[in-house]
Amino acid sequence: MSMFADEARIVSREPVVRWATVILVALAVLALWNGARFAAARNAEAGAEVTRSLDKRDADKAVLRAEAADPATFNPWGPSEPTKADWNAARAPGPLAALSFGREDIAPLSATVSLFMVRADNLFRKYEFGSPVALAAGRFDAGFLLVLLAPLFLLALGYGVVAEERESGRLRIAAVQGPGGGSRLLLRLLLRQLPVYVGFAVIAIGGVVMLDLSWRLILWLGVTLLHLLFWSGVTAVIASVPRRQEVLALIAAAVWLSLVLLLPAAGAALARAAAPATSQLQLINATRSASLEANRRLLENLQGYVSDHPEMAGVGVSNDDWAAKLYVSQLVIERQIAPVLAQQQSADRDQARWTEALRFLSPTSIADQALLEIAGAGAARQAAYVKQATAFLAHWRATLSPMIFQQQRLTPERIDGLPRFLFREPPVRSRWLAVSLLVMLVATSVGAIAAVRRFRSVL
Amino acid sequence: MFSVVLVPRLAAEAAVARHPIPAAGEFWDNIARARAEGIDGHNPADARAKALEAATLQRYGVTKVQDLPIDFSAVSLQAGEDYGNQVFDRLYGEVAHAERAQVAHQLVFAAASPLIAARTLSMGAAGSDLHHQQRFLADAEAHRRSVQRALNVEQARTGKGQNFKNVVSADFWQGIPTFRYAPPAFRTIAGAYGAAAAVLLVWLVLAGAALAWAARRAEKKA
């Protein structure tokens, strides 16, 4: 206890520790504030998309009631036409998007579903513009602070703990005084790193206040804590190397650069090389060819299509029915480009698999991907949204397309009964996450054991 | 740590907050609204169509569309294009303006991070920055519009009574120039990089002064 009090007194007098505490608390508060702002904006966007759909339905019903009251105002290409009905299939941002933005600022969160020229390949047209400067520099969120920046603080605060004692001659005196000197220095290193853990505590408390305590938040905080402990271990190992402070600073910088920037970047580059994405131009050209073919075949003669689809026979299909022709042409295009789309989706899945496999190159990659998965800001949740919205499109078609072929019209009552999209939160991939956590736990344990053993022998 | 890792991200956040870019849903809703109700909200599509028909009939001195010597649907299509172009120019123009403002705003932080100035200059020199991208988009869009206009003019000239079944000749397509993008000459956009170059120069001078000071100090110690 006396040793702890002594060391705490020594460390608390160091200006660098005080300044680091102030800076990290300020950055933690800033990250939380920025995250809350970001998540609120995305939530508002998702909400606005649903409100627009509801408002359009109300406006359409008002027009239909007016047309019923005065048939002279009837517009055949107005709200009674089933092709004109639509719904914005929107999703809320990830449950912890306020802590880890991920790709939330550029991934589409809404898709307008209708019968009017909407297909599987163009359903997600509402890509966010993003920001050219944010895309180049990255976003500032709690995940960035704890995964990328905090390790740098841990290294900067602790790398010289042993070397400065050695260079001042105090290490020799401590050795003469007997055993326990190593433990004392290890304790000093951990106390010096406290500002980082104070920053972590601020984010933890802020997270609970902002988002309520949930198993997701506990898991998110657990992963970040494990990651910080890993870096504390790495710092201790570097600090125990018998070299001058300048050399240790260079080693610390090189380790941070390698594990935080170079290896994750190399992993991403390798994934792109191993499973390159297909060209978007290929899909565009295939769609264009398919459109020309569909127009040639169908806009001339709808009966040709109906003869191949007996289920449509006898439902009053007219060759003059423009809406039916347009709808069927979209189905034909979709069928023709399906192989190209499947190839593109398969390439995307391959690349995602490679990216996930290569996360083991660096504990920072493991932590980063795990945090995005838990926060619901990663590729898996977006893929689940794409799947659900695509299924909603199929449901929409199944509900409304018979009306086109039977030349029925929408009424206010029918509009009320049209489908509405509700995003179901996909479960976290627990097995995938368990593997990530296990590897991080092993890496942290190895780091901790190595640090303790090396500090025992620094004197 | 601060100038390379932290400040560029804070600069980006500050730029995004100061010059927000509309969300995709809001942007496309504005496009749809402007096309249907008019850019100013007081010029609905139906009224525009009626005005166009009246003006075209008057121009050709006839009273019915059927009596026009041209295919009126092509005139209508081109009018729709022209109106859509106004809408797109205004709304995409606002986005492009916000993007340029973001790039300019983050340069304020170059005083604390030479990386921002260096990145601005290197991307500009590589031709992969926002200025070059926006120039490419503008050129490609201008080409698309010229092809669209030529097609509608041809349709108006030859499509009367054809119900869009007429086809153009090979000569027509040979008359359409192939799109060739030429990146802007550096001297024409050099002004956009003046501030970044000046900031980087100040950083270089400061670094040189610090180096000289450190060298003198080391000499004294020796």
# chains A, B, ... in the order shown; residues from 1 in each chain; ligands from 1
>>> closest_atom_pairs(of="chain A", to="chain B", cutoff="6 Å", atoms="only C-alpha atoms", output="tab-separated table")
residue	atom	partner	partner_atom	distance
A:Lys126	CA	B:Ala24	CA	5.4
A:Glu128	CA	B:Ala24	CA	4.9
A:Val133	CA	B:Ala12	CA	5.4
A:Ala134	CA	B:Ala12	CA	5.0
A:Ala137	CA	B:Arg9	CA	5.4
A:Gly138	CA	B:Arg9	CA	5.9
A:Arg139	CA	B:Arg9	CA	5.8
A:Phe140	CA	B:Arg9	CA	5.7
>>> write_last_selection(atoms="N, CA and C atoms", output="PDB file, in the first residue's frame")
ATOM      1  N   LYS A 126     -30.067   5.492 -53.117  1.00  0.00           N
ATOM      2  CA  LYS A 126     -29.905   6.661 -52.248  1.00  0.00           C
ATOM      3  C   LYS A 126     -28.605   6.568 -51.457  1.00  0.00           C
ATOM      4  N   GLU A 128     -25.471   7.934 -49.743  1.00  0.00           N
ATOM      5  CA  GLU A 128     -25.164   9.228 -49.147  1.00  0.00           C
ATOM      6  C   GLU A 128     -23.974   9.835 -49.894  1.00  0.00           C
ATOM      7  N   VAL A 133     -13.777  15.518 -47.428  1.00  0.00           N
ATOM      8  CA  VAL A 133     -12.715  15.654 -46.417  1.00  0.00           C
ATOM      9  C   VAL A 133     -12.810  14.550 -45.370  1.00  0.00           C
ATOM     10  N   ALA A 134     -14.041  14.167 -45.012  1.00  0.00           N
ATOM     11  CA  ALA A 134     -14.195  13.095 -44.012  1.00  0.00           C
ATOM     12  C   ALA A 134     -13.767  11.753 -44.603  1.00  0.00           C
ATOM     13  N   ALA A 137      -9.916  11.850 -44.464  1.00  0.00           N
ATOM     14  CA  ALA A 137      -9.280  11.879 -43.137  1.00  0.00           C
ATOM     15  C   ALA A 137      -9.853  10.853 -42.176  1.00  0.00           C
ATOM     16  N   GLY A 138     -11.100  10.437 -42.370  1.00  0.00           N
ATOM     17  CA  GLY A 138     -11.760   9.553 -41.407  1.00  0.00           C
ATOM     18  C   GLY A 138     -12.583  10.370 -40.431  1.00  0.00           C
ATOM     19  N   ARG A 139     -13.469   9.693 -39.696  1.00  0.00           N
ATOM     20  CA  ARG A 139     -14.352  10.384 -38.760  1.00  0.00           C
ATOM     21  C   ARG A 139     -13.785  10.334 -37.345  1.00  0.00           C
ATOM     22  N   PHE A 140     -14.250  11.253 -36.527  1.00  0.00           N
ATOM     23  CA  PHE A 140     -13.787  11.308 -35.138  1.00  0.00           C
ATOM     24  C   PHE A 140     -14.896  10.760 -34.239  1.00  0.00           C
TER      25      PHE A 140
END
>>> residues_around(residues="region 408-423 of chain A", least_positions_apart="5", cutoff="10 Å", atoms="only C-alpha atoms", output="compact mmCIF listing (two decimals) with all heavy atoms, in the first residue's frame")
# COMPACT_ATOMS: atom_id res chain seq x y z
N VAL A 50 -39.46 7.73 -43.47
CA VAL A 50 -40.76 7.10 -43.17
C VAL A 50 -41.86 8.14 -43.19
O VAL A 50 -42.95 7.92 -43.73
CB VAL A 50 -40.69 6.36 -41.81
CG1 VAL A 50 -42.04 5.78 -41.45
CG2 VAL A 50 -39.63 5.27 -41.84
N SER A 53 -42.98 8.90 -46.64
CA SER A 53 -43.86 7.85 -47.17
C SER A 53 -45.27 8.02 -46.62
O SER A 53 -46.26 7.92 -47.36
CB SER A 53 -43.33 6.47 -46.77
OG SER A 53 -42.14 6.19 -47.46
N LEU A 54 -45.38 8.28 -45.32
CA LEU A 54 -46.71 8.44 -44.71
C LEU A 54 -47.40 9.68 -45.27
O LEU A 54 -48.60 9.63 -45.58
CB LEU A 54 -46.55 8.57 -43.19
CG LEU A 54 -46.11 7.29 -42.46
CD1 LEU A 54 -45.75 7.60 -41.01
CD2 LEU A 54 -47.21 6.22 -42.52
N ARG A 57 -48.73 9.00 -48.70
CA ARG A 57 -49.97 8.20 -48.66
C ARG A 57 -51.17 9.08 -48.30
O ARG A 57 -52.24 8.96 -48.89
CB ARG A 57 -49.83 7.06 -47.66
CG ARG A 57 -48.99 5.94 -48.22
CD ARG A 57 -49.08 4.67 -47.43
NE ARG A 57 -48.23 3.67 -48.07
CZ ARG A 57 -48.00 2.47 -47.59
NH1 ARG A 57 -48.56 2.09 -46.47
NH2 ARG A 57 -47.24 1.62 -48.24
N ASP A 58 -50.98 9.97 -47.33
CA ASP A 58 -52.08 10.88 -46.94
C ASP A 58 -52.47 11.77 -48.11
O ASP A 58 -53.66 11.97 -48.38
CB ASP A 58 -51.65 11.75 -45.74
CG ASP A 58 -51.62 10.93 -44.46
OD1 ASP A 58 -52.23 9.84 -44.43
OD2 ASP A 58 -50.97 11.36 -43.48
N ASP A 60 -51.97 11.19 -51.30
CA ASP A 60 -52.59 10.37 -52.35
C ASP A 60 -54.06 10.07 -52.00
O ASP A 60 -54.94 10.12 -52.87
CB ASP A 60 -51.82 9.05 -52.51
CG ASP A 60 -50.49 9.25 -53.23
OD1 ASP A 60 -50.26 10.37 -53.71
OD2 ASP A 60 -49.70 8.30 -53.30
N LYS A 61 -54.31 9.77 -50.74
CA LYS A 61 -55.69 9.46 -50.32
C LYS A 61 -56.59 10.69 -50.50
O LYS A 61 -57.74 10.58 -50.93
CB LYS A 61 -55.71 9.00 -48.86
CG LYS A 61 -55.24 7.55 -48.70
CD LYS A 61 -55.46 7.01 -47.31
CE LYS A 61 -54.57 7.65 -46.29
NZ LYS A 61 -54.68 7.11 -44.95
N ALA A 62 -56.03 11.86 -50.19
CA ALA A 62 -56.80 13.10 -50.35
C ALA A 62 -57.16 13.32 -51.81
O ALA A 62 -58.30 13.68 -52.14
CB ALA A 62 -56.00 14.28 -49.81
N VAL A 63 -56.20 13.05 -52.70
CA VAL A 63 -56.46 13.22 -54.15
C VAL A 63 -57.54 12.22 -54.59
O VAL A 63 -58.46 12.57 -55.35
CB VAL A 63 -55.16 13.01 -54.96
CG1 VAL A 63 -55.45 12.94 -56.45
CG2 VAL A 63 -54.17 14.14 -54.68
N LEU A 64 -57.42 10.99 -54.14
CA LEU A 64 -58.39 9.96 -54.54
C LEU A 64 -59.80 10.31 -54.06
O LEU A 64 -60.78 10.09 -54.77
CB LEU A 64 -57.97 8.59 -54.00
CG LEU A 64 -56.72 7.99 -54.66
CD1 LEU A 64 -56.37 6.65 -54.03
CD2 LEU A 64 -56.92 7.81 -56.15
N ARG A 65 -59.88 10.85 -52.85
CA ARG A 65 -61.21 11.24 -52.33
C ARG A 65 -61.77 12.40 -53.16
O ARG A 65 -62.97 12.43 -53.48
CB ARG A 65 -61.10 11.64 -50.85
CG ARG A 65 -60.89 10.43 -49.95
CD ARG A 65 -61.13 10.75 -48.48
NE ARG A 65 -60.69 9.60 -47.69
CZ ARG A 65 -59.55 9.55 -47.00
NH1 ARG A 65 -58.75 10.59 -46.99
NH2 ARG A 65 -59.22 8.47 -46.32
N ALA A 68 -62.98 11.01 -56.38
CA ALA A 68 -64.25 10.29 -56.20
C ALA A 68 -65.41 11.28 -56.12
O ALA A 68 -66.50 11.02 -56.63
CB ALA A 68 -64.19 9.43 -54.94
N PRO A 76 -55.67 9.25 -64.79
CA PRO A 76 -55.32 7.82 -64.87
C PRO A 76 -53.89 7.53 -64.42
O PRO A 76 -53.57 6.41 -64.03
CB PRO A 76 -55.51 7.49 -66.36
CG PRO A 76 -55.48 8.79 -67.07
CD PRO A 76 -56.00 9.81 -66.10
N GLY A 78 -52.49 9.07 -61.95
CA GLY A 78 -52.42 9.68 -60.63
C GLY A 78 -52.25 8.63 -59.54
O GLY A 78 -51.81 7.50 -59.81
N PRO A 79 -52.60 8.96 -58.31
CA PRO A 79 -52.37 8.06 -57.17
C PRO A 79 -53.15 6.74 -57.23
O PRO A 79 -52.83 5.82 -56.48
CB PRO A 79 -52.83 8.87 -55.97
CG PRO A 79 -52.98 10.26 -56.43
CD PRO A 79 -53.19 10.24 -57.89
N SER A 80 -54.14 6.66 -58.11
CA SER A 80 -54.89 5.40 -58.19
C SER A 80 -54.12 4.34 -58.96
O SER A 80 -54.42 3.15 -58.87
CB SER A 80 -56.25 5.62 -58.87
OG SER A 80 -56.05 6.00 -60.22
N GLU A 81 -53.11 4.76 -59.72
CA GLU A 81 -52.30 3.82 -60.50
C GLU A 81 -51.34 3.08 -59.54
O GLU A 81 -50.52 3.71 -58.86
CB GLU A 81 -51.50 4.60 -61.55
CG GLU A 81 -50.37 3.88 -62.21
CD GLU A 81 -50.79 2.57 -62.86
OE1 GLU A 81 -51.75 2.58 -63.65
OE2 GLU A 81 -50.16 1.53 -62.56
N PRO A 82 -51.41 1.74 -59.46
CA PRO A 82 -50.57 1.00 -58.50
C PRO A 82 -49.07 1.23 -58.69
O PRO A 82 -48.31 1.16 -57.73
CB PRO A 82 -50.94 -0.46 -58.78
CG PRO A 82 -52.29 -0.40 -59.39
CD PRO A 82 -52.35 0.87 -60.17
N THR A 83 -48.67 1.53 -59.94
CA THR A 83 -47.25 1.76 -60.19
C THR A 83 -46.73 2.99 -59.45
O THR A 83 -45.55 3.12 -59.19
CB THR A 83 -47.03 1.94 -61.71
OG1 THR A 83 -47.66 0.86 -62.38
CG2 THR A 83 -45.57 1.95 -62.08
N LYS A 84 -47.64 3.93 -59.15
CA LYS A 84 -47.23 5.18 -58.53
C LYS A 84 -47.03 5.06 -57.01
O LYS A 84 -46.43 5.94 -56.40
CB LYS A 84 -48.28 6.27 -58.79
CG LYS A 84 -48.45 6.64 -60.24
CD LYS A 84 -47.43 7.63 -60.70
CE LYS A 84 -47.84 9.03 -60.29
NZ LYS A 84 -46.92 10.04 -60.83
N ALA A 85 -47.56 3.98 -56.44
CA ALA A 85 -47.43 3.84 -54.98
C ALA A 85 -45.99 3.47 -54.63
O ALA A 85 -45.31 2.79 -55.40
CB ALA A 85 -48.38 2.76 -54.48
N ASP A 86 -45.52 3.94 -53.50
CA ASP A 86 -44.16 3.55 -53.07
C ASP A 86 -44.05 3.61 -51.54
O ASP A 86 -44.97 4.06 -50.85
CB ASP A 86 -43.09 4.42 -53.73
CG ASP A 86 -43.21 5.90 -53.39
OD1 ASP A 86 -43.71 6.21 -52.29
OD2 ASP A 86 -42.81 6.74 -54.20
N TRP A 87 -42.93 3.14 -51.06
CA TRP A 87 -42.64 3.19 -49.62
C TRP A 87 -41.13 3.25 -49.44
O TRP A 87 -40.40 2.49 -50.08
CB TRP A 87 -43.21 1.95 -48.92
CG TRP A 87 -43.00 2.02 -47.42
CD1 TRP A 87 -42.00 1.44 -46.71
CD2 TRP A 87 -43.80 2.73 -46.48
NE1 TRP A 87 -42.12 1.76 -45.38
CE2 TRP A 87 -43.22 2.55 -45.20
CE3 TRP A 87 -44.95 3.53 -46.58
CZ2 TRP A 87 -43.75 3.11 -44.04
CZ3 TRP A 87 -45.48 4.10 -45.42
CH2 TRP A 87 -44.89 3.87 -44.18
N ASN A 88 -40.68 4.14 -48.59
CA ASN A 88 -39.25 4.23 -48.29
C ASN A 88 -38.89 3.18 -47.24
O ASN A 88 -39.24 3.34 -46.06
CB ASN A 88 -38.88 5.62 -47.78
CG ASN A 88 -38.97 6.66 -48.87
OD1 ASN A 88 -38.70 6.37 -50.04
ND2 ASN A 88 -39.35 7.87 -48.52
N ALA A 89 -38.21 2.13 -47.68
CA ALA A 89 -37.78 1.08 -46.74
C ALA A 89 -36.52 1.57 -46.04
O ALA A 89 -35.42 1.39 -46.54
CB ALA A 89 -37.52 -0.21 -47.50
N ALA A 90 -36.72 2.21 -44.88
CA ALA A 90 -35.59 2.83 -44.18
C ALA A 90 -35.23 2.04 -42.92
O ALA A 90 -36.07 1.34 -42.36
CB ALA A 90 -35.94 4.27 -43.81
N ARG A 91 -34.00 2.17 -42.54
CA ARG A 91 -33.54 1.55 -41.29
C ARG A 91 -32.90 2.61 -40.41
O ARG A 91 -32.37 3.61 -40.91
CB ARG A 91 -32.53 0.43 -41.57
CG ARG A 91 -31.23 0.95 -42.19
CD ARG A 91 -30.08 -0.01 -42.02
NE ARG A 91 -28.88 0.47 -42.69
CZ ARG A 91 -28.03 1.35 -42.17
NH1 ARG A 91 -28.25 1.84 -40.97
NH2 ARG A 91 -26.96 1.74 -42.84
N ALA A 92 -32.96 2.38 -39.12
CA ALA A 92 -32.28 3.28 -38.19
C ALA A 92 -30.79 2.97 -38.21
O ALA A 92 -30.39 1.88 -38.64
CB ALA A 92 -32.85 3.09 -36.79
N VAL A 113 -39.14 1.72 -52.51
CA VAL A 113 -39.67 0.49 -53.12
C VAL A 113 -40.97 0.82 -53.85
O VAL A 113 -41.89 1.40 -53.26
CB VAL A 113 -39.91 -0.57 -52.02
CG1 VAL A 113 -40.64 -1.77 -52.59
CG2 VAL A 113 -38.59 -0.99 -51.40
N ALA A 384 -27.62 -7.40 -43.93
CA ALA A 384 -28.94 -7.85 -43.44
C ALA A 384 -30.02 -6.88 -43.89
O ALA A 384 -31.13 -7.29 -44.29
CB ALA A 384 -28.91 -7.95 -41.91
N TYR A 385 -29.70 -5.58 -43.86
CA TYR A 385 -30.68 -4.57 -44.31
C TYR A 385 -30.98 -4.74 -45.80
O TYR A 385 -32.15 -4.71 -46.23
CB TYR A 385 -30.13 -3.17 -44.03
CG TYR A 385 -30.87 -2.08 -44.76
CD1 TYR A 385 -32.22 -1.83 -44.50
CD2 TYR A 385 -30.24 -1.32 -45.74
CE1 TYR A 385 -32.90 -0.84 -45.19
CE2 TYR A 385 -30.91 -0.33 -46.43
CZ TYR A 385 -32.23 -0.10 -46.15
OH TYR A 385 -32.92 0.87 -46.85
N GLN A 388 -33.24 -7.69 -46.26
CA GLN A 388 -34.62 -7.45 -45.83
C GLN A 388 -35.35 -6.51 -46.79
O GLN A 388 -36.53 -6.71 -47.10
CB GLN A 388 -34.62 -6.85 -44.42
CG GLN A 388 -34.23 -7.84 -43.34
CD GLN A 388 -34.27 -7.23 -41.95
OE1 GLN A 388 -35.07 -6.34 -41.67
NE2 GLN A 388 -33.41 -7.69 -41.06
N ALA A 389 -34.64 -5.47 -47.26
CA ALA A 389 -35.28 -4.52 -48.19
C ALA A 389 -35.58 -5.20 -49.53
O ALA A 389 -36.61 -4.92 -50.16
CB ALA A 389 -34.38 -3.30 -48.40
N ALA A 391 -36.24 -8.38 -49.90
CA ALA A 391 -37.40 -9.24 -49.64
C ALA A 391 -38.67 -8.39 -49.60
O ALA A 391 -39.74 -8.83 -50.07
CB ALA A 391 -37.22 -9.97 -48.31
N PHE A 392 -38.55 -7.17 -49.09
CA PHE A 392 -39.71 -6.27 -49.05
C PHE A 392 -40.15 -5.90 -50.47
O PHE A 392 -41.34 -5.80 -50.76
CB PHE A 392 -39.36 -5.02 -48.24
CG PHE A 392 -40.50 -4.05 -48.12
CD1 PHE A 392 -41.60 -4.33 -47.32
CD2 PHE A 392 -40.48 -2.84 -48.81
CE1 PHE A 392 -42.66 -3.43 -47.21
CE2 PHE A 392 -41.53 -1.94 -48.70
CZ PHE A 392 -42.62 -2.24 -47.90
N LEU A 393 -39.17 -5.71 -51.36
CA LEU A 393 -39.49 -5.41 -52.76
C LEU A 393 -40.29 -6.57 -53.37
O LEU A 393 -41.28 -6.35 -54.08
CB LEU A 393 -38.20 -5.17 -53.56
CG LEU A 393 -38.35 -5.03 -55.08
CD1 LEU A 393 -39.18 -3.81 -55.46
CD2 LEU A 393 -36.97 -4.94 -55.76
N HIS A 395 -42.14 -8.70 -51.75
CA HIS A 395 -43.46 -8.68 -51.11
C HIS A 395 -44.34 -7.60 -51.74
O HIS A 395 -45.53 -7.80 -52.01
CB HIS A 395 -43.27 -8.45 -49.61
CG HIS A 395 -44.55 -8.35 -48.85
ND1 HIS A 395 -45.55 -9.29 -48.95
CD2 HIS A 395 -45.01 -7.41 -47.96
CE1 HIS A 395 -46.57 -8.93 -48.17
NE2 HIS A 395 -46.26 -7.80 -47.57
N TRP A 396 -43.74 -6.45 -51.99
CA TRP A 396 -44.46 -5.32 -52.61
C TRP A 396 -44.97 -5.72 -54.00
O TRP A 396 -46.12 -5.45 -54.35
CB TRP A 396 -43.51 -4.13 -52.71
CG TRP A 396 -44.13 -2.86 -53.20
CD1 TRP A 396 -44.25 -2.45 -54.49
CD2 TRP A 396 -44.72 -1.83 -52.40
NE1 TRP A 396 -44.86 -1.24 -54.55
CE2 TRP A 396 -45.17 -0.83 -53.28
CE3 TRP A 396 -44.91 -1.65 -51.03
CZ2 TRP A 396 -45.80 0.34 -52.84
CZ3 TRP A 396 -45.53 -0.49 -50.58
CH2 TRP A 396 -45.97 0.48 -51.48
N THR A 399 -47.81 -8.08 -53.86
CA THR A 399 -49.05 -7.44 -53.41
C THR A 399 -49.68 -6.59 -54.51
O THR A 399 -50.89 -6.61 -54.71
CB THR A 399 -48.77 -6.54 -52.17
OG1 THR A 399 -48.08 -7.33 -51.20
CG2 THR A 399 -50.05 -6.00 -51.57
N LEU A 400 -48.83 -5.82 -55.22
CA LEU A 400 -49.39 -4.83 -56.15
C LEU A 400 -49.43 -5.25 -57.62
O LEU A 400 -50.27 -4.75 -58.36
CB LEU A 400 -48.62 -3.51 -56.02
CG LEU A 400 -49.12 -2.66 -54.87
CD1 LEU A 400 -48.14 -2.69 -53.73
CD2 LEU A 400 -49.38 -1.24 -55.32
N SER A 401 -48.51 -6.14 -58.03
CA SER A 401 -48.48 -6.44 -59.47
C SER A 401 -49.78 -7.09 -59.98
O SER A 401 -50.18 -6.80 -61.11
CB SER A 401 -47.26 -7.29 -59.82
OG SER A 401 -47.33 -8.54 -59.20
N PRO A 402 -50.47 -7.94 -59.19
CA PRO A 402 -51.74 -8.46 -59.71
C PRO A 402 -52.72 -7.34 -60.05
O PRO A 402 -53.50 -7.46 -61.00
CB PRO A 402 -52.27 -9.32 -58.55
CG PRO A 402 -51.05 -9.70 -57.77
CD PRO A 402 -50.15 -8.52 -57.87
N MET A 403 -52.65 -6.24 -59.32
CA MET A 403 -53.57 -5.13 -59.61
C MET A 403 -53.29 -4.54 -60.98
O MET A 403 -54.20 -4.10 -61.69
CB MET A 403 -53.41 -4.03 -58.54
CG MET A 403 -53.88 -4.45 -57.17
SD MET A 403 -53.74 -3.10 -55.99
CE MET A 403 -54.96 -1.98 -56.64
>>> residues_around(residues="region 100-106 of chain A", least_positions_apart="3", cutoff="10 Å", atoms="only C-alpha atoms", output="VMD selection string")
(chain A and resid 31 35 38 to 39 42 93 to 97 109 126 to 131 134 to 135 138 to 145 220 368 to 369 371 to 379 382) or (chain B and resid 23 to 24)
>>> write_last_selection(atoms="C-alpha atoms", output="PDB file, in the first residue's frame")
ATOM      1  CA  ALA A  31     -16.062  12.126 -29.250  1.00  0.00           C
ATOM      2  CA  GLY A  35     -21.211  10.708 -31.827  1.00  0.00           C
ATOM      3  CA  PHE A  38     -24.052  12.013 -35.742  1.00  0.00           C
ATOM      4  CA  ALA A  39     -26.467   9.332 -34.497  1.00  0.00           C
ATOM      5  CA  ARG A  42     -28.932   9.650 -38.958  1.00  0.00           C
ATOM      6  CA  PRO A  93     -28.506   3.573 -37.677  1.00  0.00           C
ATOM      7  CA  GLY A  94     -26.752   0.856 -35.687  1.00  0.00           C
ATOM      8  CA  PRO A  95     -27.607   0.661 -31.983  1.00  0.00           C
ATOM      9  CA  LEU A  96     -24.164   1.994 -31.023  1.00  0.00           C
ATOM     10  CA  ALA A  97     -23.467   4.110 -34.101  1.00  0.00           C
ATOM     11  CA  LEU A 109     -30.233   3.687 -45.086  1.00  0.00           C
ATOM     12  CA  LYS A 126     -29.905   6.661 -52.248  1.00  0.00           C
ATOM     13  CA  TYR A 127     -26.201   6.517 -51.529  1.00  0.00           C
ATOM     14  CA  GLU A 128     -25.164   9.228 -49.147  1.00  0.00           C
ATOM     15  CA  PHE A 129     -22.855  11.807 -50.689  1.00  0.00           C
ATOM     16  CA  GLY A 130     -20.415  11.533 -47.833  1.00  0.00           C
ATOM     17  CA  SER A 131     -17.904  14.287 -47.348  1.00  0.00           C
ATOM     18  CA  ALA A 134     -14.195  13.095 -44.012  1.00  0.00           C
ATOM     19  CA  LEU A 135     -13.611  10.307 -46.540  1.00  0.00           C
ATOM     20  CA  GLY A 138     -11.760   9.553 -41.407  1.00  0.00           C
ATOM     21  CA  ARG A 139     -14.352  10.384 -38.760  1.00  0.00           C
ATOM     22  CA  PHE A 140     -13.787  11.308 -35.138  1.00  0.00           C
ATOM     23  CA  ASP A 141     -15.698   8.940 -32.887  1.00  0.00           C
ATOM     24  CA  ALA A 142     -15.142   7.093 -29.605  1.00  0.00           C
ATOM     25  CA  GLY A 143     -13.986   4.028 -31.531  1.00  0.00           C
ATOM     26  CA  PHE A 144     -11.227   6.058 -33.223  1.00  0.00           C
ATOM     27  CA  LEU A 145     -10.183   7.567 -29.916  1.00  0.00           C
ATOM     28  CA  TRP A 220     -18.282  -2.803 -26.780  1.00  0.00           C
ATOM     29  CA  ASP A 368     -11.910  -2.382 -34.898  1.00  0.00           C
ATOM     30  CA  GLN A 369     -13.987  -4.989 -36.740  1.00  0.00           C
ATOM     31  CA  LEU A 371     -16.471  -2.896 -32.358  1.00  0.00           C
ATOM     32  CA  LEU A 372     -18.190  -2.208 -35.691  1.00  0.00           C
ATOM     33  CA  GLU A 373     -19.997  -5.561 -35.497  1.00  0.00           C
ATOM     34  CA  ILE A 374     -21.181  -4.871 -31.949  1.00  0.00           C
ATOM     35  CA  ALA A 375     -22.119  -1.263 -32.758  1.00  0.00           C
ATOM     36  CA  GLY A 376     -24.152  -2.388 -35.764  1.00  0.00           C
ATOM     37  CA  ALA A 377     -22.135  -0.127 -38.052  1.00  0.00           C
ATOM     38  CA  GLY A 378     -20.374  -2.856 -40.000  1.00  0.00           C
ATOM     39  CA  ALA A 379     -20.894  -4.740 -43.234  1.00  0.00           C
ATOM     40  CA  GLN A 382     -25.848  -3.510 -43.839  1.00  0.00           C
TER      41      GLN A 382
ATOM     42  CA  ALA B  23     -28.804  13.510 -46.648  1.00  0.00           C
ATOM     43  CA  ALA B  24     -29.587  11.376 -49.694  1.00  0.00           C
TER      44      ALA B  24
END
>>> residues_around(residues="Val260 (chain A)", least_positions_apart="6", cutoff="10 Å", atoms="only C-alpha atoms", output="list of chain:residue names")
A:Val147, A:Leu148, A:Leu149, A:Pro151, A:Leu152, A:Ala254, A:Ser362, A:Pro363, A:Thr364, A:Ser365, A:Asp368
>>> closest_residue(among="B:Ala197, B:Leu151, B:Met123, B:Leu206", to="Asn166 (chain B)", atoms="only C-alpha atoms")
B:Leu151
>>> closest_atom_pairs(of="region 62-161 of chain B", to="region 45-55 of chain B", cutoff="10 Å", atoms="only C-alpha atoms", output="Markdown table")
| residue | atom | partner | partner_atom | distance |
| --- | --- | --- | --- | --- |
| B:Val62 | CA | B:Ala54 | CA | 9.7 |
| B:Thr63 | CA | B:Ala54 | CA | 8.6 |
| B:Lys64 | CA | B:Glu53 | CA | 9.2 |
| B:Val65 | CA | B:Glu53 | CA | 7.8 |
| B:Phe72 | CA | B:Glu53 | CA | 8.2 |
| B:Ser73 | CA | B:Glu53 | CA | 9.9 |
| B:Val75 | CA | B:Leu52 | CA | 8.6 |
| B:Ser76 | CA | B:Ala49 | CA | 7.4 |
| B:Ala79 | CA | B:Leu52 | CA | 7.9 |
| B:Gly80 | CA | B:Ala49 | CA | 8.8 |
| B:Tyr83 | CA | B:Arg48 | CA | 9.5 |
>>> atom_distance(atom1="CA of Ala190 (chain B)", atom2="CA of Ser122 (chain B)")
12.7 Å
>>> atom_distance(atom1="CA of Gln344 (chain A)", atom2="CA of Thr278 (chain A)")
5.5 Å
>>> residues_around(residues="Val223 (chain A)", least_positions_apart="4", cutoff="8 Å", atoms="only C-alpha atoms", output="number ranges by chain")
A: 219, 227, 367, 370-371, 437
>>> residues_around(residues="Thr444 (chain A)", least_positions_apart="4", cutoff="7 Å", atoms="only C-alpha atoms", output="VMD selection string")
chain A and resid 226 229 to 230 233 440 448
